[in-house]
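Asks: What follows is input_30.cif, made up of mmCIF, C-alpha atoms:
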data_upload
#
loop_
_atom_site.group_PDB
_atom_site.id
_atom_site.type_symbol
_atom_site.label_atom_id
_atom_site.label_comp_id
_atom_site.auth_asym_id
_atom_site.auth_seq_id
_atom_site.Cartn_x
_atom_site.Cartn_y
_atom_site.Cartn_z
ATOM 1 C CA MET A 1162 0.000 0.000 0.000
ATOM 2 C CA SER A 1163 1.990 2.952 -1.213
ATOM 3 C CA ASN A 1164 -0.526 5.765 -1.502
ATOM 4 C CA HIS A 1165 1.570 7.975 0.791
ATOM 5 C CA SER A 1166 3.077 10.975 -0.966
ATOM 6 C CA GLU A 1167 5.434 13.488 0.559
ATOM 7 C CA LYS A 1168 5.855 17.030 -0.672
ATOM 8 C CA LYS A 1169 9.359 18.358 -0.221
ATOM 9 C CA GLY A 1170 9.955 21.833 1.172
ATOM 10 C CA GLU A 1171 6.568 22.352 2.812
ATOM 11 C CA GLY A 1172 8.114 23.288 6.159
ATOM 12 C CA ALA A 1173 6.695 20.251 7.888
ATOM 13 C CA ALA A 1174 6.370 20.727 11.610
ATOM 14 C CA CYS A 1175 7.438 17.190 12.449
ATOM 15 C CA ARG A 1176 9.925 15.198 10.429
ATOM 16 C CA SER A 1177 11.599 11.963 11.273
ATOM 17 C CA SER A 1178 15.356 12.121 11.226
ATOM 18 C CA GLY A 1179 17.125 10.216 8.517
ATOM 19 C CA GLY A 1180 18.253 6.667 8.947
ATOM 20 C CA GLY A 1181 16.214 3.893 10.432
ATOM 21 C CA SER A 1182 14.998 0.640 9.003
ATOM 22 C CA GLY A 1183 13.507 2.157 5.875
ATOM 23 C CA SER A 1184 10.024 0.981 6.816
ATOM 24 C CA GLY A 1185 8.935 4.536 7.577
ATOM 25 C CA LEU A 1186 7.623 3.512 10.996
ATOM 26 C CA GLY A 1187 9.238 6.554 12.635
ATOM 27 C CA LYS A 1188 7.625 8.850 10.085
ATOM 28 C CA TRP A 1189 4.190 7.317 10.711
ATOM 29 C CA ILE A 1190 4.598 7.595 14.470
ATOM 30 C CA CYS A 1191 5.499 11.258 14.036
ATOM 31 C CA ILE A 1192 2.474 11.850 11.792
ATOM 32 C CA VAL A 1193 0.099 10.112 14.203
ATOM 33 C CA LEU A 1194 1.579 12.069 17.109
ATOM 34 C CA ALA A 1195 1.214 15.375 15.234
ATOM 35 C CA VAL A 1196 -2.406 14.606 14.337
ATOM 36 C CA ALA A 1197 -3.152 13.688 17.958
ATOM 37 C CA ILE A 1198 -1.586 16.919 19.246
ATOM 38 C CA VAL A 1199 -3.496 19.047 16.769
ATOM 39 C CA GLY A 1200 -6.713 17.219 17.691
ATOM 40 C CA VAL A 1201 -6.164 17.847 21.397
ATOM 41 C CA LEU A 1202 -5.379 21.524 20.794
ATOM 42 C CA ILE A 1203 -8.457 21.942 18.605
ATOM 43 C CA ALA A 1204 -10.666 20.208 21.175
ATOM 44 C CA LYS A 1205 -9.312 22.360 24.006
ATOM 45 C CA ASN A 1206 -9.671 25.554 21.962
ATOM 46 C CA ALA A 1207 -13.169 24.809 20.642
ATOM 47 C CA GLY A 1208 -15.270 27.945 20.982
ATOM 48 C CA LYS A 1209 -12.414 30.044 22.373
ATOM 49 C CA LYS A 1210 -10.832 33.028 20.668
ATOM 50 C CA PRO A 1211 -7.044 33.283 20.973
ATOM 51 C CA ARG A 1212 -5.815 36.251 22.959
ATOM 52 C CA ALA A 1213 -4.405 38.997 20.743
ATOM 53 C CA ALA A 1214 -0.623 39.283 20.878
ATOM 54 C CA ASN A 1215 -0.747 42.896 22.030
ATOM 55 C CA SER A 1216 -3.616 42.541 24.504
ATOM 56 C CA PRO A 1217 -2.787 42.979 28.159
ATOM 57 C CA ALA A 1218 -1.899 39.760 29.907
ATOM 58 C CA GLY A 1219 -4.419 38.705 32.498
ATOM 59 C CA SER A 1220 -4.151 36.075 35.167
ATOM 60 C CA GLU A 1221 -3.363 33.501 32.458
ATOM 61 C CA ALA A 1222 -0.141 35.183 31.347
ATOM 62 C CA PRO A 1223 2.032 32.792 29.371
ATOM 63 C CA VAL A 1224 4.946 31.289 31.209
ATOM 64 C CA ALA A 1225 8.306 31.255 29.478
ATOM 65 C CA VAL A 1226 10.497 28.242 30.049
ATOM 66 C CA GLY A 1227 14.146 29.179 29.771
ATOM 67 C CA PHE A 1228 16.710 26.959 28.127
ATOM 68 C CA ALA A 1229 17.693 25.640 31.540
ATOM 69 C CA GLY A 1230 14.036 24.748 32.177
ATOM 70 C CA ALA A 1231 13.375 27.445 34.794
ATOM 71 C CA ALA A 1232 9.912 28.978 34.522
ATOM 72 C CA ALA A 1233 9.401 32.735 34.619
ATOM 73 C CA ALA A 1234 6.576 35.079 33.660
ATOM 74 C CA ALA A 1235 6.892 36.272 30.059
ATOM 75 C CA PRO A 1236 8.265 39.788 30.597
ATOM 76 C CA ALA A 1237 8.168 42.656 28.185
ATOM 77 C CA ALA A 1238 11.301 42.614 26.068
ATOM 78 C CA VAL A 1239 13.223 45.297 27.948
ATOM 79 C CA ILE A 1240 16.967 45.076 28.495
ATOM 80 C CA GLN A 1241 18.704 47.778 30.566
ATOM 81 C CA GLY A 1242 15.700 50.114 30.181
ATOM 82 C CA LYS A 1243 15.663 49.734 26.376
ATOM 83 C CA ALA A 1244 12.807 47.995 24.549
ATOM 84 C CA ILE A 1245 14.088 45.343 22.141
ATOM 85 C CA PRO A 1246 12.465 42.990 19.607
ATOM 86 C CA ARG A 1247 11.484 39.542 20.841
ATOM 87 C CA LEU A 1248 11.380 36.086 19.278
ATOM 88 C CA VAL A 1249 9.147 33.575 21.058
ATOM 89 C CA ASP A 1250 9.427 29.928 20.029
ATOM 90 C CA LEU A 1251 6.620 27.686 21.227
ATOM 91 C CA GLY A 1252 7.361 23.990 21.055
ATOM 92 C CA ALA A 1253 8.092 20.967 23.203
ATOM 93 C CA SER A 1254 11.298 19.446 24.496
ATOM 94 C CA LYS A 1255 10.474 16.037 22.977
ATOM 95 C CA CYS A 1256 9.379 17.253 19.515
ATOM 96 C CA ILE A 1257 12.022 16.466 16.851
ATOM 97 C CA PRO A 1258 11.851 19.812 14.962
ATOM 98 C CA CYS A 1259 11.717 21.619 18.324
ATOM 99 C CA LYS A 1260 14.898 19.809 19.381
ATOM 100 C CA MET A 1261 16.472 20.929 16.107
ATOM 101 C CA MET A 1262 15.473 24.532 16.925
ATOM 102 C CA ALA A 1263 17.003 24.482 20.450
ATOM 103 C CA PRO A 1264 20.659 25.100 19.472
ATOM 104 C CA ILE A 1265 19.586 27.771 16.974
ATOM 105 C CA LEU A 1266 17.589 29.594 19.642
ATOM 106 C CA GLU A 1267 20.442 29.274 22.142
ATOM 107 C CA ASP A 1268 22.883 30.688 19.568
ATOM 108 C CA LEU A 1269 20.550 33.606 18.757
ATOM 109 C CA LYS A 1270 19.999 34.255 22.456
ATOM 110 C CA ASN A 1271 23.764 34.430 23.101
ATOM 111 C CA THR A 1272 24.800 36.198 19.900
ATOM 112 C CA TYR A 1273 22.101 38.881 20.046
ATOM 113 C CA ALA A 1274 21.950 39.372 23.824
ATOM 114 C CA GLY A 1275 20.873 42.946 24.500
ATOM 115 C CA ARG A 1276 19.655 43.373 20.904
ATOM 116 C CA MET A 1277 16.912 40.714 20.774
ATOM 117 C CA ASP A 1278 15.092 38.727 23.439
ATOM 118 C CA VAL A 1279 14.737 35.013 22.633
ATOM 119 C CA GLN A 1280 12.291 32.865 24.613
ATOM 120 C CA PHE A 1281 11.283 29.202 24.420
ATOM 121 C CA ILE A 1282 7.933 28.065 25.810
ATOM 122 C CA ASP A 1283 7.194 24.344 26.174
ATOM 123 C CA VAL A 1284 3.485 24.002 25.379
ATOM 124 C CA TRP A 1285 3.381 20.385 26.540
ATOM 125 C CA GLU A 1286 4.531 21.422 29.998
ATOM 126 C CA ASN A 1287 2.421 24.598 29.868
ATOM 127 C CA PRO A 1288 -0.704 24.029 27.730
ATOM 128 C CA ASN A 1289 -2.187 27.367 28.863
ATOM 129 C CA ALA A 1290 0.598 29.140 26.981
ATOM 130 C CA GLY A 1291 -0.347 27.281 23.805
ATOM 131 C CA ARG A 1292 -3.917 28.497 24.173
ATOM 132 C CA ALA A 1293 -2.872 32.035 25.087
ATOM 133 C CA TYR A 1294 -0.721 32.308 21.965
ATOM 134 C CA GLY A 1295 -3.251 30.508 19.722
ATOM 135 C CA ILE A 1296 -0.771 27.769 18.775
ATOM 136 C CA ARG A 1297 -1.912 25.214 16.187
ATOM 137 C CA VAL A 1298 1.385 23.528 15.268
ATOM 138 C CA ILE A 1299 4.733 23.229 17.006
ATOM 139 C CA PRO A 1300 7.244 24.617 16.716
ATOM 140 C CA THR A 1301 5.820 28.091 16.101
ATOM 141 C CA GLN A 1302 8.005 31.181 16.071
ATOM 142 C CA ILE A 1303 6.418 34.570 16.806
ATOM 143 C CA PHE A 1304 8.311 37.768 15.991
ATOM 144 C CA TYR A 1305 7.477 40.860 18.083
ATOM 145 C CA ASP A 1306 8.719 44.413 17.601
ATOM 146 C CA ALA A 1307 10.186 46.403 20.490
ATOM 147 C CA SER A 1308 6.731 47.678 21.473
ATOM 148 C CA GLY A 1309 5.393 44.106 21.822
ATOM 149 C CA ARG A 1310 3.323 44.083 18.611
ATOM 150 C CA GLU A 1311 3.307 40.780 16.722
ATOM 151 C CA LEU A 1312 4.950 41.208 13.332
ATOM 152 C CA PHE A 1313 5.063 37.679 11.953
ATOM 153 C CA ARG A 1314 4.290 34.068 12.843
ATOM 154 C CA HIS A 1315 5.873 30.932 11.359
ATOM 155 C CA GLU A 1316 4.895 27.296 11.916
ATOM 156 C CA GLY A 1317 7.494 24.543 11.639
ATOM 157 C CA PHE A 1318 11.276 24.426 11.725
ATOM 158 C CA MET A 1319 13.039 27.701 10.894
ATOM 159 C CA SER A 1320 16.795 27.976 10.323
ATOM 160 C CA LYS A 1321 18.967 30.685 11.862
ATOM 161 C CA GLU A 1322 19.494 32.202 8.418
ATOM 162 C CA ASP A 1323 15.738 32.315 7.781
ATOM 163 C CA ILE A 1324 15.106 33.908 11.188
ATOM 164 C CA LEU A 1325 17.709 36.616 10.585
ATOM 165 C CA ALA A 1326 16.407 37.192 7.039
ATOM 166 C CA LYS A 1327 12.866 37.560 8.406
ATOM 167 C CA TRP A 1328 13.998 40.156 10.956
ATOM 168 C CA LYS A 1329 15.683 42.055 8.132
ATOM 169 C CA ALA A 1330 12.570 41.808 5.919
ATOM 170 C CA LEU A 1331 10.484 43.105 8.827
ATOM 171 C CA GLY A 1332 12.783 46.135 9.051
ATOM 172 C CA VAL A 1333 14.334 45.200 12.398
ATOM 173 C CA ASP A 1334 18.001 46.188 12.548
ATOM 174 C CA LEU A 1335 20.141 43.711 14.498
ATOM 175 C CA LYS A 1336 23.422 45.055 13.083
ATOM 176 C CA GLY A 1337 26.323 45.894 15.300
ATOM 177 C CA VAL A 1338 26.451 42.379 16.689
ATOM 178 C CA ALA A 1339 28.908 39.776 15.466
ATOM 179 C CA GLU A 1340 27.094 37.334 13.233
#
Take the structure in the file and give it back as structure tokens.
Replies:
Amino acid sequence: MSNHSEKKGEGAACRSSGGGSGSGLGKWICIVLAVAIVGVLIAKNAGKKPRAANSPAGSEAPVAVGFAGAAAAAPAAVIQGKAIPRLVDLGASKCIPCKMMAPILEDLKNTYAGRMDVQFIDVWENPNAGRAYGIRVIPTQIFYDASGRELFRHEGFMSKEDILAKWKALGVDLKGVAE
């Protein structure tokens, strides 16, 4: 039964890593898992409107999970009294594309410290954050300007080069930092 077709370059949110037995079992497990996650998110969000990105945070403020796993309230992107742009990546620590994003986010966080705030939120550990941000697929990257207004949203894996190109296309200047 080979009626499965795969479109290359669609920015799939969950891909199996290469290798394996060739039977495609890992790919099917990933697909079933992704469908189950989307189903759960849809069921939980049925009849609810996602909170706007620039609306004031209420008692259900999203919780950011740092790279070390420490939870903290999602603060405004302010470093040393200066508002800076923010990249929020919503994913899960056990999701393959999310794991692929982790070193990229860590690199961006270190390289652009003081110029851009980078946050990772694990929506499996904090499902309220997924609802608050209106997440449908993980990973999802949300780009905010320095005033906290959402500029762009991307679903699926995103390379460092694509992230930096998107900031540039959005008119956000991150120059002056070693790249």
Asks: Using all atoms listed in the file, find the one residue out of A:Pro1300, A:Gly1309, A:Gly1275, A:Pro1246 that sits nearest to Met1261 in chain A.
Replies: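 Ranked by minimum distance to Met1261 in chain A, first place goes to A:Pro1300.
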Asks: Report as a PyMOL selection string the full result of the PyMOL selection byres ((chain A and resi 1283) around 7) when it is applied to this structure.
Replies: chain A and resi 1226+1251-1254+1281-1282+1284-1287
Asks: Looking at A:Ile1245, A:Met1277, A:Leu1325, A:Met1319, which one is nearest to Cys1259 in chain A, with distances taken over all atoms listed in the file?
Replies: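 Under the stated criterion, the closest residue is A:Met1319.
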Asks: Please indicate the distance in Å from CA of Lys1260 in chain A to CA of Gly1332 in chain A, rounded to one decimal place.
Replies: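 CA of Lys1260 in chain A sits 28.4 Å away from CA of Gly1332 in chain A.
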Asks: To one decimal in Å, tell me the separation between CA of Pro1264 in chain A and CA of Gly1291 in chain A.
Replies: 21.6 Å
Asks: Take the PyMOL selection byres ((chain A and resi 1315-1318) around 12), apply it to the structure above, and return the hits as number ranges by chain.
Replies: A: 1170-1176, 1195, 1248-1252, 1256-1263, 1265-1266, 1295-1304, 1311-1314, 1319-1324, 1327
Asks: Any idea what the distance is between CA of Thr1272 in chain A and CA of Ala1293 in chain A?
Replies: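 Those two atoms sit 28.5 Å apart.
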Asks: Suppose a student applies the PyMOL selection byres ((chain A and resi 1334) around 12) to this structure; what residues should they get, written as a PDB file with C-alpha atoms, in the frame of the given file?
Replies:
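Contents of the output file selection.pdb:
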ATOM      1  CA  ILE A1245      14.088  45.343  22.141  1.00  0.00           C
ATOM      2  CA  PRO A1246      12.465  42.990  19.607  1.00  0.00           C
ATOM      3  CA  TYR A1273      22.101  38.881  20.046  1.00  0.00           C
ATOM      4  CA  ARG A1276      19.655  43.373  20.904  1.00  0.00           C
ATOM      5  CA  MET A1277      16.912  40.714  20.774  1.00  0.00           C
ATOM      6  CA  ASP A1306       8.719  44.413  17.601  1.00  0.00           C
ATOM      7  CA  ALA A1307      10.186  46.403  20.490  1.00  0.00           C
ATOM      8  CA  LEU A1325      17.709  36.616  10.585  1.00  0.00           C
ATOM      9  CA  ALA A1326      16.407  37.192   7.039  1.00  0.00           C
ATOM     10  CA  LYS A1327      12.866  37.560   8.406  1.00  0.00           C
ATOM     11  CA  TRP A1328      13.998  40.156  10.956  1.00  0.00           C
ATOM     12  CA  LYS A1329      15.683  42.055   8.132  1.00  0.00           C
ATOM     13  CA  ALA A1330      12.570  41.808   5.919  1.00  0.00           C
ATOM     14  CA  LEU A1331      10.484  43.105   8.827  1.00  0.00           C
ATOM     15  CA  GLY A1332      12.783  46.135   9.051  1.00  0.00           C
ATOM     16  CA  VAL A1333      14.334  45.200  12.398  1.00  0.00           C
ATOM     17  CA  LEU A1335      20.141  43.711  14.498  1.00  0.00           C
ATOM     18  CA  LYS A1336      23.422  45.055  13.083  1.00  0.00           C
ATOM     19  CA  GLY A1337      26.323  45.894  15.300  1.00  0.00           C
ATOM     20  CA  VAL A1338      26.451  42.379  16.689  1.00  0.00           C
TER      21      VAL A1338
END
